[in-house]
Amino acid sequence: MKKAKIAVFVSGGGTNLQALIDAQGNVIQSGEIAVVISSKPGVFALERAAKADIPTVVVERKACKTQDEFEQGIIAVLDQYDIDFIVLAGFMSILSENFTKKYPNRIINVHPALIPSFCGKGFYGLRVHEAALEYGVKVTGATVHFVNEIPDGGKIILQRAVEIKDGDTPEVLQKRVMEEAEWKLLPKAAEIVASEIMKGK
């Protein structure tokens, strides 16, 4: 069976990448990870990909003089691997409107809150969980959404709520949101998008 070819973009440890790798062949049946692209060299996500025999490419943001040079480098890799869609998994570089317009409804991202809460520019990593705790909400969660030119502004694909418990620290909450929501939602959303793409082929 032909499968949609997925590129996963990473910048760090790659825990969401690992969730996708582990889901291949069970949750994710209509797609397969064809390449992992990192914006930084030497990150653990690259080791995770190598262990799973997935090709990796580093397009280093810092080595590129401009955003356009960085994105052209990425596009060249996507073309080389004939990629159908992109999953952002802890990718710490904002993509320009030029880039996102080139791949409409073909880029998905997981955000560690229930959009529209605690999202947009500046809300990533622990900052999201700090904000949820500061605000005193009783429920947080994760959202997988399509990526457009507005940070966290694309159409929502899936959401899952996670309870906030007394005494939670941002670190404890981050771990619970990953385990109970992010790692479950991202593979499911990847399968939804992959199966839609394959239906259209």
# chains A, B, ... in the order shown; residues from 1 in each chain; ligands from 1
>>> residues_around(residues="Ile108 in chain A", least_positions_apart="5", cutoff="8 Å", atoms="only C-alpha atoms", output="PyMOL selection string")
chain A and resi 86-88+144-147+190
>>> write_last_selection(atoms="N, CA and C atoms", output="PDB file, in the first residue's frame")
ATOM      1  N   ILE A  86       3.909  17.798   6.590  1.00  0.00           N
ATOM      2  CA  ILE A  86       4.930  18.114   7.597  1.00  0.00           C
ATOM      3  C   ILE A  86       4.294  18.063   8.989  1.00  0.00           C
ATOM      4  N   VAL A  87       5.019  17.460   9.936  1.00  0.00           N
ATOM      5  CA  VAL A  87       4.612  17.496  11.338  1.00  0.00           C
ATOM      6  C   VAL A  87       5.670  18.272  12.115  1.00  0.00           C
ATOM      7  N   LEU A  88       5.250  19.337  12.794  1.00  0.00           N
ATOM      8  CA  LEU A  88       6.168  20.082  13.658  1.00  0.00           C
ATOM      9  C   LEU A  88       6.128  19.421  15.034  1.00  0.00           C
ATOM     10  N   VAL A 144      -3.827  19.733  18.482  1.00  0.00           N
ATOM     11  CA  VAL A 144      -3.114  19.587  17.209  1.00  0.00           C
ATOM     12  C   VAL A 144      -3.880  20.406  16.178  1.00  0.00           C
ATOM     13  N   HIS A 145      -3.154  21.264  15.481  1.00  0.00           N
ATOM     14  CA  HIS A 145      -3.803  22.176  14.536  1.00  0.00           C
ATOM     15  C   HIS A 145      -2.974  22.304  13.261  1.00  0.00           C
ATOM     16  N   PHE A 146      -3.649  22.731  12.200  1.00  0.00           N
ATOM     17  CA  PHE A 146      -2.922  23.072  10.980  1.00  0.00           C
ATOM     18  C   PHE A 146      -2.151  24.366  11.216  1.00  0.00           C
ATOM     19  N   VAL A 147      -1.048  24.508  10.510  1.00  0.00           N
ATOM     20  CA  VAL A 147      -0.185  25.678  10.678  1.00  0.00           C
ATOM     21  C   VAL A 147      -0.426  26.639   9.524  1.00  0.00           C
ATOM     22  N   ALA A 190      -1.833  12.826  12.660  1.00  0.00           N
ATOM     23  CA  ALA A 190      -1.005  12.492  11.487  1.00  0.00           C
ATOM     24  C   ALA A 190      -1.722  11.474  10.606  1.00  0.00           C
TER      25      ALA A 190
END
>>> select_by_dssp(residues="range 123-201 of chain A", states="helix (DSSP H, G or I)", output="PyMOL selection string")
chain A and resi 126-135+170-200
>>> closest_residue(among="A:Gln80, A:Gln24, A:Gln18, A:Gln29", to="Ala49 in chain A", atoms="only C-alpha atoms")
A:Gln18
>>> atom_distance(atom1="CA of Ile54 in chain A", atom2="CA of Ile21 in chain A")
9.3 Å
>>> residues_around(residues="range 172-185 of chain A", least_positions_apart="5", cutoff="10 Å", atoms="only C-alpha atoms", output="PyMOL selection string")
chain A and resi 15-20+22-23+27+89+110-113+125-130+132-133+140-144+157-165+167+190-191
>>> write_last_selection(atoms="N, CA and C atoms", output="short mmCIF file (atom, residue, chain, number, x, y, z; two decimals), in the first residue's frame")
data_model
loop_
_atom_site.label_atom_id
_atom_site.label_comp_id
_atom_site.auth_asym_id
_atom_site.auth_seq_id
_atom_site.Cartn_x
_atom_site.Cartn_y
_atom_site.Cartn_z
N THR A 15 10.72 14.00 21.93
CA THR A 15 9.76 13.10 22.56
C THR A 15 8.51 12.92 21.70
N ASN A 16 8.06 13.99 21.05
CA ASN A 16 6.90 13.87 20.15
C ASN A 16 7.26 13.08 18.90
N LEU A 17 8.49 13.23 18.43
CA LEU A 17 8.96 12.42 17.32
C LEU A 17 8.91 10.94 17.70
N GLN A 18 9.34 10.62 18.93
CA GLN A 18 9.33 9.23 19.37
C GLN A 18 7.91 8.67 19.39
N ALA A 19 6.96 9.50 19.82
CA ALA A 19 5.55 9.07 19.82
C ALA A 19 5.09 8.73 18.39
N LEU A 20 5.54 9.51 17.43
CA LEU A 20 5.19 9.26 16.02
C LEU A 20 5.87 7.99 15.50
N ASP A 22 6.84 5.44 17.26
CA ASP A 22 6.22 4.28 17.92
C ASP A 22 4.83 3.97 17.35
N ALA A 23 4.18 4.99 16.78
CA ALA A 23 2.81 4.80 16.26
C ALA A 23 2.79 4.30 14.82
N VAL A 27 -1.17 3.09 14.89
CA VAL A 27 -2.05 4.28 14.77
C VAL A 27 -1.88 4.92 13.39
N ALA A 89 7.28 18.92 15.47
CA ALA A 89 7.33 18.19 16.75
C ALA A 89 8.43 18.82 17.60
N VAL A 110 1.62 20.43 17.27
CA VAL A 110 0.95 20.18 18.55
C VAL A 110 1.31 21.31 19.50
N HIS A 111 0.28 21.86 20.15
CA HIS A 111 0.47 22.95 21.11
C HIS A 111 0.03 22.47 22.49
N PRO A 112 0.84 22.72 23.54
CA PRO A 112 0.54 22.14 24.85
C PRO A 112 -0.48 22.92 25.68
N ALA A 113 -1.59 23.29 25.06
CA ALA A 113 -2.71 23.93 25.76
C ALA A 113 -3.95 23.76 24.88
N GLY A 125 6.84 25.75 25.02
CA GLY A 125 7.60 25.11 26.09
C GLY A 125 6.94 25.32 27.45
N LEU A 126 7.78 25.48 28.46
CA LEU A 126 7.29 25.61 29.84
C LEU A 126 6.44 26.85 30.04
N ARG A 127 6.68 27.88 29.23
CA ARG A 127 5.93 29.15 29.39
C ARG A 127 4.42 28.93 29.34
N VAL A 128 3.97 27.99 28.50
CA VAL A 128 2.54 27.70 28.36
C VAL A 128 1.99 27.17 29.69
N HIS A 129 2.74 26.25 30.30
CA HIS A 129 2.26 25.62 31.55
C HIS A 129 2.35 26.61 32.72
N GLU A 130 3.38 27.45 32.72
CA GLU A 130 3.48 28.50 33.74
C GLU A 130 2.25 29.41 33.67
N ALA A 132 -0.74 28.75 32.44
CA ALA A 132 -1.96 28.04 32.87
C ALA A 132 -2.04 28.00 34.39
N LEU A 133 -0.91 27.74 35.04
CA LEU A 133 -0.90 27.67 36.51
C LEU A 133 -1.10 29.06 37.13
N THR A 140 -6.28 21.91 31.49
CA THR A 140 -5.48 22.35 30.34
C THR A 140 -5.52 21.19 29.35
N GLY A 141 -4.49 21.05 28.52
CA GLY A 141 -4.51 19.94 27.57
C GLY A 141 -3.58 20.21 26.41
N ALA A 142 -3.90 19.60 25.28
CA ALA A 142 -3.09 19.82 24.08
C ALA A 142 -4.01 19.93 22.87
N THR A 143 -3.50 20.60 21.85
CA THR A 143 -4.24 20.82 20.61
C THR A 143 -3.33 20.51 19.43
N VAL A 144 -3.83 19.73 18.48
CA VAL A 144 -3.11 19.59 17.21
C VAL A 144 -3.88 20.41 16.18
N ILE A 157 -7.48 20.35 14.62
CA ILE A 157 -7.77 18.97 14.17
C ILE A 157 -8.26 18.14 15.34
N LEU A 158 -7.51 18.14 16.46
CA LEU A 158 -7.89 17.36 17.64
C LEU A 158 -7.50 18.11 18.91
N GLN A 159 -8.25 17.85 19.97
CA GLN A 159 -7.89 18.39 21.29
C GLN A 159 -8.17 17.33 22.35
N ARG A 160 -7.38 17.39 23.43
CA ARG A 160 -7.65 16.51 24.56
C ARG A 160 -7.39 17.29 25.84
N ALA A 161 -8.31 17.19 26.80
CA ALA A 161 -8.18 17.91 28.07
C ALA A 161 -7.36 17.10 29.06
N VAL A 162 -6.62 17.81 29.89
CA VAL A 162 -5.82 17.20 30.96
C VAL A 162 -6.09 17.99 32.24
N GLU A 163 -6.34 17.26 33.31
CA GLU A 163 -6.66 17.89 34.60
C GLU A 163 -5.41 18.51 35.22
N ILE A 164 -5.59 19.67 35.83
CA ILE A 164 -4.52 20.28 36.63
C ILE A 164 -4.74 19.88 38.08
N LYS A 165 -3.69 19.43 38.73
CA LYS A 165 -3.83 18.95 40.11
C LYS A 165 -3.18 19.92 41.09
N GLY A 167 -0.81 21.49 43.61
CA GLY A 167 0.62 21.29 43.80
C GLY A 167 1.40 21.08 42.52
N ALA A 190 -1.83 12.83 12.66
CA ALA A 190 -1.00 12.49 11.49
C ALA A 190 -1.72 11.47 10.61
N GLU A 191 -2.38 10.51 11.23
CA GLU A 191 -3.12 9.51 10.47
C GLU A 191 -4.32 10.14 9.75
#
>>> residues_around(residues="Pro55 in chain A", least_positions_apart="6", cutoff="7 Å", atoms="only C-alpha atoms", output="ChimeraX atom specification")
/A:34-36
